[in-house]
$ cat model.cif   # mmCIF, C-alpha atoms and all ligand atoms
data_coords
#
loop_
_atom_site.label_atom_id
_atom_site.label_comp_id
_atom_site.auth_asym_id
_atom_site.auth_seq_id
_atom_site.Cartn_x
_atom_site.Cartn_y
_atom_site.Cartn_z
CA MET R 1 0.00 0.00 0.00
CA TYR R 2 1.26 3.46 -0.87
CA PHE R 3 1.21 6.28 1.66
CA LEU R 4 -0.51 8.58 -0.81
CA GLU R 5 -1.78 7.56 -4.20
CA VAL R 6 -3.12 9.95 -6.82
CA LYS R 7 -5.03 7.96 -9.43
CA ASN R 8 -6.10 9.25 -12.84
CA LEU R 9 -6.82 12.72 -11.53
CA THR R 10 -8.53 15.17 -13.88
CA MET R 11 -9.54 18.72 -13.05
CA ARG R 12 -11.15 21.20 -15.43
CA PHE R 13 -11.79 24.90 -15.12
CA GLY R 14 -14.42 25.59 -17.77
CA GLY R 15 -12.78 24.61 -21.03
CA LEU R 16 -9.30 24.38 -19.57
CA ILE R 17 -7.94 20.99 -18.48
CA ALA R 18 -5.64 21.92 -15.60
CA ILE R 19 -4.89 18.29 -14.67
CA ASP R 20 -5.15 15.56 -17.22
CA ASN R 21 -5.33 11.93 -16.07
CA LEU R 22 -2.48 12.33 -13.60
CA SER R 23 -1.25 9.46 -11.44
CA PHE R 24 1.64 9.22 -9.00
CA GLN R 25 2.45 7.44 -5.74
CA ILE R 26 4.30 8.49 -2.65
CA LYS R 27 5.91 6.17 -0.13
CA GLU R 28 6.02 6.83 3.59
CA GLY R 29 9.13 8.73 4.68
CA GLN R 30 9.94 10.06 1.21
CA ILE R 31 10.75 13.56 0.08
CA PHE R 32 8.80 13.62 -3.16
CA GLY R 33 8.88 16.50 -5.62
CA ILE R 34 6.50 17.80 -8.26
CA ILE R 35 8.00 20.11 -10.85
CA GLY R 36 6.85 21.64 -14.11
CA PRO R 37 6.72 24.99 -15.91
CA ASN R 38 4.42 27.84 -14.79
CA GLY R 39 0.77 26.94 -15.14
CA ALA R 40 1.54 23.19 -15.44
CA GLY R 41 -1.06 22.34 -12.79
CA LYS R 42 1.13 21.78 -9.74
CA THR R 43 -0.82 23.92 -7.27
CA THR R 44 -4.07 22.49 -8.60
CA VAL R 45 -2.85 19.00 -7.67
CA PHE R 46 -2.20 20.24 -4.12
CA ASN R 47 -5.61 21.90 -4.00
CA CYS R 48 -7.22 18.58 -4.93
CA ILE R 49 -5.19 16.62 -2.35
CA SER R 50 -5.94 19.12 0.42
CA GLY R 51 -9.66 19.20 -0.39
CA ILE R 52 -9.87 22.79 -1.65
CA TYR R 53 -11.00 21.47 -5.06
CA THR R 54 -12.97 18.35 -5.84
CA PRO R 55 -11.45 16.77 -8.95
CA GLY R 56 -13.68 16.00 -11.93
CA THR R 57 -12.51 12.40 -12.06
CA GLY R 58 -9.92 10.28 -10.32
CA GLU R 59 -9.16 9.30 -6.77
CA ILE R 60 -6.88 10.34 -3.97
CA ILE R 61 -6.07 7.42 -1.70
CA TRP R 62 -4.49 8.37 1.61
CA GLN R 63 -3.17 5.52 3.77
CA GLY R 64 -5.55 3.18 2.01
CA LYS R 65 -8.63 5.40 2.34
CA ASN R 66 -10.32 7.28 -0.45
CA ILE R 67 -10.33 10.96 0.57
CA THR R 68 -11.41 12.41 -2.78
CA GLY R 69 -13.80 15.31 -2.25
CA LYS R 70 -13.52 15.31 1.55
CA SER R 71 -13.46 18.72 3.24
CA PRO R 72 -10.14 20.52 3.83
CA HIS R 73 -10.85 20.33 7.55
CA LEU R 74 -11.25 16.54 7.56
CA ILE R 75 -8.21 16.05 5.35
CA ALA R 76 -6.09 18.23 7.64
CA LYS R 77 -7.36 16.28 10.62
CA SER R 78 -6.35 13.03 8.93
CA GLY R 79 -2.74 14.25 8.84
CA ILE R 80 -2.21 16.09 5.54
CA VAL R 81 -1.15 19.70 6.01
CA ARG R 82 0.06 22.20 3.44
CA THR R 83 1.62 25.62 3.08
CA PHE R 84 0.66 28.07 0.36
CA GLN R 85 2.58 29.46 -2.62
CA THR R 86 1.65 32.94 -1.38
CA ILE R 87 2.23 33.20 2.36
CA ARG R 88 -1.01 33.16 4.33
CA LEU R 89 -0.37 34.27 7.88
CA PHE R 90 -2.48 36.33 10.26
CA SER R 91 -0.29 39.36 9.71
CA HIS R 92 -1.41 41.31 12.80
CA MET R 93 -1.02 38.34 15.12
CA SER R 94 2.28 37.41 16.73
CA VAL R 95 4.48 34.62 15.45
CA ALA R 96 3.56 32.50 18.50
CA GLU R 97 -0.17 33.08 17.97
CA ASN R 98 0.13 32.16 14.31
CA ILE R 99 1.84 28.91 15.19
CA MET R 100 -0.75 28.22 17.89
CA SER R 101 -3.51 28.75 15.36
CA GLY R 102 -2.26 25.62 13.60
CA ARG R 103 -3.38 23.68 16.66
CA HIS R 104 -7.02 24.67 16.35
CA ASN R 105 -8.12 21.67 14.37
CA LYS R 106 -6.40 19.49 16.97
CA SER R 107 -8.28 20.94 19.93
CA ARG R 108 -11.03 18.87 21.40
CA GLN R 109 -12.50 21.71 23.42
CA SER R 110 -16.08 22.90 23.22
CA TRP R 111 -16.97 26.59 23.43
CA LEU R 112 -18.38 25.89 26.89
CA SER R 113 -15.17 24.40 28.30
CA GLY R 114 -13.36 27.40 26.80
CA MET R 115 -15.68 29.81 28.61
CA ILE R 116 -15.55 28.22 32.00
CA HIS R 117 -11.93 27.02 31.69
CA THR R 118 -12.44 23.43 32.76
CA PRO R 119 -9.35 21.41 33.79
CA PHE R 120 -9.67 19.65 30.44
CA TYR R 121 -9.48 23.01 28.64
CA LYS R 122 -6.40 24.00 30.62
CA LYS R 123 -4.66 20.71 29.85
CA ASP R 124 -5.44 21.06 26.16
CA GLU R 125 -4.25 24.66 26.12
CA LYS R 126 -1.02 23.65 27.82
CA GLU R 127 -0.43 20.95 25.22
CA ASN R 128 -1.09 23.49 22.44
CA TRP R 129 1.51 25.85 23.85
CA PHE R 130 3.97 23.04 24.32
CA LYS R 131 3.62 21.93 20.69
CA ALA R 132 3.88 25.53 19.47
CA LEU R 133 7.04 26.06 21.53
CA GLU R 134 8.54 22.92 20.04
CA GLN R 135 8.15 24.43 16.57
CA ILE R 136 9.52 27.80 17.68
CA ASP R 137 12.58 25.97 18.90
CA PHE R 138 12.84 23.75 15.82
CA PHE R 139 12.71 26.72 13.44
CA ASP R 140 14.85 28.94 15.67
CA LEU R 141 12.09 31.53 15.94
CA ALA R 142 12.40 32.43 19.63
CA ASP R 143 13.71 35.94 18.90
CA TYR R 144 10.58 36.68 16.85
CA ALA R 145 7.93 34.87 18.89
CA ALA R 146 6.25 38.07 20.12
CA ASN R 147 6.63 40.04 16.85
CA GLU R 148 3.74 40.76 14.54
CA ALA R 149 4.08 38.18 11.76
CA GLY R 150 3.34 40.66 8.97
CA SER R 151 6.22 42.92 9.98
CA LEU R 152 8.89 40.26 9.57
CA PRO R 153 11.19 39.53 6.62
CA TYR R 154 9.90 37.13 4.05
CA GLY R 155 12.31 34.34 4.98
CA ILE R 156 11.10 34.40 8.58
CA GLN R 157 7.45 34.42 7.50
CA ARG R 158 8.10 31.29 5.42
CA LYS R 159 9.47 29.59 8.53
CA VAL R 160 6.45 30.67 10.58
CA GLU R 161 4.17 29.16 7.97
CA MET R 162 6.03 25.86 8.10
CA ALA R 163 6.05 25.97 11.90
CA ARG R 164 2.29 26.49 11.95
CA ALA R 165 1.80 23.54 9.61
CA LEU R 166 4.03 21.31 11.73
CA ALA R 167 2.29 22.33 14.96
CA THR R 168 -0.67 20.26 13.76
CA GLU R 169 1.60 17.19 13.84
CA PRO R 170 0.97 16.12 10.24
CA LYS R 171 2.01 12.82 8.70
CA LEU R 172 2.35 14.41 5.27
CA LEU R 173 3.59 17.97 4.83
CA ILE R 174 2.86 19.58 1.47
CA LEU R 175 5.00 22.59 0.57
CA ASP R 176 4.04 24.79 -2.38
CA GLU R 177 7.18 26.61 -3.55
CA PRO R 178 8.70 27.13 -0.11
CA ALA R 179 11.84 28.73 -1.59
CA ALA R 180 9.94 31.41 -3.52
CA GLY R 181 11.30 34.80 -2.46
CA LEU R 182 14.18 33.35 -0.43
CA ASN R 183 17.82 34.27 -0.98
CA ASP R 184 20.53 31.63 -1.55
CA LYS R 185 21.46 31.35 2.10
CA GLU R 186 17.83 31.00 3.19
CA THR R 187 17.24 28.40 0.47
CA GLU R 188 20.17 26.36 1.70
CA GLU R 189 18.84 26.57 5.23
CA LEU R 190 15.42 25.48 3.95
CA SER R 191 16.92 22.40 2.36
CA GLY R 192 18.42 21.45 5.75
CA MET R 193 15.01 22.01 7.39
CA ILE R 194 13.30 19.73 4.89
CA PHE R 195 15.68 16.89 5.75
CA LYS R 196 15.18 17.52 9.47
CA ILE R 197 11.40 17.43 9.02
CA ARG R 198 11.66 14.14 7.19
CA ASP R 199 13.91 12.83 9.97
CA ARG R 200 11.08 13.62 12.39
CA GLY R 201 9.12 10.95 10.53
CA ILE R 202 7.10 13.29 8.35
CA THR R 203 6.71 12.55 4.64
CA VAL R 204 7.27 15.63 2.47
CA LEU R 205 5.64 16.54 -0.84
CA LEU R 206 7.30 19.52 -2.45
CA ILE R 207 6.52 21.78 -5.39
CA GLU R 208 9.48 23.89 -6.26
CA HIS R 209 10.96 25.96 -9.09
CA ASP R 210 14.41 26.22 -7.53
CA MET R 211 16.15 23.35 -9.32
CA ASP R 212 19.11 23.20 -6.92
CA LEU R 213 16.74 22.70 -4.01
CA VAL R 214 14.70 20.09 -5.89
CA MET R 215 17.74 18.15 -7.06
CA ASN R 216 19.40 18.23 -3.63
CA THR R 217 16.45 17.31 -1.47
CA THR R 218 14.03 15.06 -3.33
CA GLU R 219 14.38 11.31 -3.76
CA GLU R 220 11.78 11.00 -6.48
CA LEU R 221 10.19 13.48 -8.84
CA CYS R 222 7.09 13.72 -10.96
CA VAL R 223 7.31 16.20 -13.81
CA ILE R 224 4.12 17.67 -15.24
CA ASN R 225 3.41 19.90 -18.19
CA PHE R 226 -0.05 21.05 -19.28
CA GLY R 227 -1.49 18.91 -16.49
CA ARG R 228 0.03 15.72 -17.82
CA LYS R 229 2.85 13.64 -16.38
CA ILE R 230 5.80 13.78 -18.76
CA ALA R 231 8.39 12.02 -16.63
CA GLU R 232 9.05 10.53 -13.22
CA GLY R 233 12.07 9.11 -11.44
CA THR R 234 15.14 10.09 -9.51
CA PRO R 235 16.45 13.66 -9.83
CA GLU R 236 19.46 12.34 -11.76
CA ALA R 237 17.27 10.56 -14.31
CA ILE R 238 14.95 13.56 -14.63
CA GLN R 239 17.79 15.99 -15.26
CA ASN R 240 18.82 14.09 -18.38
CA ASN R 241 15.34 13.36 -19.69
CA PRO R 242 14.90 15.01 -23.13
CA LYS R 243 11.13 15.53 -22.58
CA VAL R 244 11.84 17.45 -19.39
CA ILE R 245 14.54 19.57 -20.97
CA GLU R 246 12.18 20.38 -23.84
CA ALA R 247 9.33 21.34 -21.50
CA TYR R 248 11.55 23.77 -19.65
CA LEU R 249 13.23 25.28 -22.68
CA GLY R 250 10.27 25.16 -25.06
N1 LIG F 1 -9.47 28.55 -9.80
C1 LIG F 1 -9.11 28.51 -11.08
N2 LIG F 1 -9.94 28.91 -12.06
C2 LIG F 1 -9.58 28.87 -13.36
N3 LIG F 1 -8.38 28.45 -13.80
C3 LIG F 1 -7.49 28.05 -12.87
C4 LIG F 1 -7.80 28.07 -11.47
N4 LIG F 1 -6.71 27.60 -10.79
C5 LIG F 1 -5.79 27.33 -11.72
N5 LIG F 1 -6.25 27.60 -12.97
C6 LIG F 1 -5.52 27.36 -14.22
O1 LIG F 1 -5.07 26.02 -14.21
C7 LIG F 1 -3.75 25.92 -14.75
C8 LIG F 1 -2.84 25.31 -13.71
O2 LIG F 1 -2.64 26.27 -12.67
P1 LIG F 1 -1.75 25.96 -11.39
O3 LIG F 1 -1.87 27.14 -10.50
O4 LIG F 1 -2.11 24.64 -10.85
O5 LIG F 1 -0.29 25.90 -12.03
P2 LIG F 1 1.12 25.79 -11.33
O6 LIG F 1 1.81 24.65 -11.96
O7 LIG F 1 0.97 25.78 -9.87
O8 LIG F 1 1.83 27.15 -11.81
P3 LIG F 1 2.88 28.10 -11.07
O9 LIG F 1 4.22 27.44 -11.23
O10 LIG F 1 2.81 29.38 -11.84
O11 LIG F 1 2.47 28.24 -9.65
C9 LIG F 1 -3.37 27.33 -15.20
O12 LIG F 1 -3.65 27.45 -16.55
C10 LIG F 1 -4.26 28.21 -14.34
O13 LIG F 1 -4.50 29.43 -14.98
MG MG F 2 1.57 27.04 -8.35
#

$ encode --input "model.cif" --output "structure tokens" --more "lines below"
Ligand SMILES: Nc1ncnc2c1ncn2[C@@H]1O[C@H](COP(=O)(O)OP(=O)(O)OP(=O)(O)O)[C@@H](O)[C@H]1O
Ligand SMILES: [Mg+2]
Amino acid sequence: MYFLEVKNLTMRFGGLIAIDNLSFQIKEGQIFGIIGPNGAGKTTVFNCISGIYTPGTGEIIWQGKNITGKSPHLIAKSGIVRTFQTIRLFSHMSVAENIMSGRHNKSRQSWLSGMIHTPFYKKDEKENWFKALEQIDFFDLADYAANEAGSLPYGIQRKVEMARALATEPKLLILDEPAAGLNDKETEELSGMIFKIRDRGITVLLIEHDMDLVMNTTEELCVINFGRKIAEGTPEAIQNNPKVIEAYLG
């Protein structure tokens, strides 16, 4: 059984076929990459996996269960969490609060226990803070914890977004162009973070334009163009594939 299996996925927007009969499989513990030129359909694949879009046809099988068309909330709860190509933080909230917000779908509290602060509420809240602090430590964000997220440099905001995603304790972390807007030093640091995340036992699915990052971090790649898979394999094999070279140069 695969960890995540995308089977014959098709997604249309009016007359446009954004994803065309796409299939790929991810194994547990992998760092798996999806690459392709602008507009190839990469983000749309993520939107289907995370439940933002319901594909026209095809299936998404997650740990043996069909999750196609399930709500984003349920999919996140089942352990798939993503970041966005364009950073989506609560810009007027602090870094710590943003990371805490990732815990919301984990909380088992009712509004009543929140109002009267039952012992159960307090325990849950403590656990939320503990998990948020773990991420602050992991991403070396302590110096910024109290800062307004929106006021921070882009590279830091990217880290906060990843920290928020990890605070939910996902099994699969989906990153949509995490290196976009980062300088070379930050990109190198990001590549180290991705390995460390994987070493925490989290499977990583990555969309990325930065070829150095893709080639250095991923173990397997799926290349798409016009919504269709044109190649898949190891980064080494992909780099020398004439179809891939043509798609990028053409
Ligand atoms: N909500 C939508 N409505 C209509 N068309 C859409 C929508 N979302 C995506 N598309 C179209 O689907 C195609 C695939 O878009 P998608 O954003 O998935 O590409 P991408 O590979 O992520 O590109 P990029 O590298 O620029 O982020 C594009 O032609 C895009 O214009
Ligand atoms: Mg995209």

$ residues_near_ligand --input "model.cif" --ligand "ligand MG 2 (chain F)" --cutoff "9 Å" --atoms "all atoms listed in the file" --output "compact mmCIF listing (two decimals) with C-alpha atoms, in the coordinates of the input"
# COMPACT_ATOMS: atom_id res chain seq x y z
CA ASN R 38 4.42 27.84 -14.79
CA GLY R 39 0.77 26.94 -15.14
CA ALA R 40 1.54 23.19 -15.44
CA GLY R 41 -1.06 22.34 -12.79
CA LYS R 42 1.13 21.78 -9.74
CA THR R 43 -0.82 23.92 -7.27
CA THR R 44 -4.07 22.49 -8.60
CA PHE R 46 -2.20 20.24 -4.12
CA PHE R 84 0.66 28.07 0.36
CA GLN R 85 2.58 29.46 -2.62
CA ASP R 176 4.04 24.79 -2.38
CA GLU R 177 7.18 26.61 -3.55
CA ILE R 207 6.52 21.78 -5.39
CA GLU R 208 9.48 23.89 -6.26

$ atom_distance --input "model.cif" --atom1 "atom O6 of ligand LIG 1 (chain F)" --atom2 "atom CA of R:Ile35"
7.8 Å

$ residues_near_ligand --input "model.cif" --ligand "ligand LIG 1 (chain F)" --cutoff "12 Å" --atoms "only C-alpha atoms and all ligand atoms" --output "mmCIF file with C-alpha atoms, in the coordinates of the input"
data_model
loop_
_atom_site.group_PDB
_atom_site.id
_atom_site.type_symbol
_atom_site.label_atom_id
_atom_site.label_comp_id
_atom_site.auth_asym_id
_atom_site.auth_seq_id
_atom_site.Cartn_x
_atom_site.Cartn_y
_atom_site.Cartn_z
ATOM 1 C CA THR R 10 -8.530 15.170 -13.880
ATOM 2 C CA MET R 11 -9.540 18.720 -13.050
ATOM 3 C CA ARG R 12 -11.150 21.200 -15.430
ATOM 4 C CA PHE R 13 -11.790 24.900 -15.120
ATOM 5 C CA GLY R 14 -14.420 25.590 -17.770
ATOM 6 C CA GLY R 15 -12.780 24.610 -21.030
ATOM 7 C CA LEU R 16 -9.300 24.380 -19.570
ATOM 8 C CA ILE R 17 -7.940 20.990 -18.480
ATOM 9 C CA ALA R 18 -5.640 21.920 -15.600
ATOM 10 C CA ILE R 19 -4.890 18.290 -14.670
ATOM 11 C CA ASP R 20 -5.150 15.560 -17.220
ATOM 12 C CA ILE R 34 6.500 17.800 -8.260
ATOM 13 C CA ILE R 35 8.000 20.110 -10.850
ATOM 14 C CA GLY R 36 6.850 21.640 -14.110
ATOM 15 C CA PRO R 37 6.720 24.990 -15.910
ATOM 16 C CA ASN R 38 4.420 27.840 -14.790
ATOM 17 C CA GLY R 39 0.770 26.940 -15.140
ATOM 18 C CA ALA R 40 1.540 23.190 -15.440
ATOM 19 C CA GLY R 41 -1.060 22.340 -12.790
ATOM 20 C CA LYS R 42 1.130 21.780 -9.740
ATOM 21 C CA THR R 43 -0.820 23.920 -7.270
ATOM 22 C CA THR R 44 -4.070 22.490 -8.600
ATOM 23 C CA VAL R 45 -2.850 19.000 -7.670
ATOM 24 C CA PHE R 46 -2.200 20.240 -4.120
ATOM 25 C CA ASN R 47 -5.610 21.900 -4.000
ATOM 26 C CA CYS R 48 -7.220 18.580 -4.930
ATOM 27 C CA ILE R 52 -9.870 22.790 -1.650
ATOM 28 C CA TYR R 53 -11.000 21.470 -5.060
ATOM 29 C CA THR R 54 -12.970 18.350 -5.840
ATOM 30 C CA PRO R 55 -11.450 16.770 -8.950
ATOM 31 C CA PHE R 84 0.660 28.070 0.360
ATOM 32 C CA GLN R 85 2.580 29.460 -2.620
ATOM 33 C CA THR R 86 1.650 32.940 -1.380
ATOM 34 C CA LEU R 175 5.000 22.590 0.570
ATOM 35 C CA ASP R 176 4.040 24.790 -2.380
ATOM 36 C CA GLU R 177 7.180 26.610 -3.550
ATOM 37 C CA PRO R 178 8.700 27.130 -0.110
ATOM 38 C CA ALA R 180 9.940 31.410 -3.520
ATOM 39 C CA LEU R 206 7.300 19.520 -2.450
ATOM 40 C CA ILE R 207 6.520 21.780 -5.390
ATOM 41 C CA GLU R 208 9.480 23.890 -6.260
ATOM 42 C CA HIS R 209 10.960 25.960 -9.090
ATOM 43 C CA ASP R 210 14.410 26.220 -7.530
ATOM 44 C CA VAL R 223 7.310 16.200 -13.810
ATOM 45 C CA ILE R 224 4.120 17.670 -15.240
ATOM 46 C CA ASN R 225 3.410 19.900 -18.190
ATOM 47 C CA PHE R 226 -0.050 21.050 -19.280
ATOM 48 C CA GLY R 227 -1.490 18.910 -16.490
ATOM 49 C CA ARG R 228 0.030 15.720 -17.820
ATOM 50 C CA LYS R 229 2.850 13.640 -16.380
ATOM 51 C CA TYR R 248 11.550 23.770 -19.650
#

$ residues_near_point --input "model.cif" --point "(14.5, 16.4, -15.3)" --cutoff "10 Å" --atoms "only C-alpha atoms" --output "ChimeraX atom specification"
/R:35-36,211,215,221-223,230-248

$ closest_residue --input "model.cif" --among "R:Ala165, R:Ile87, R:Met193, R:Ala96" --to "R:Pro153" --atoms "all atoms listed in the file"
R:Ile87
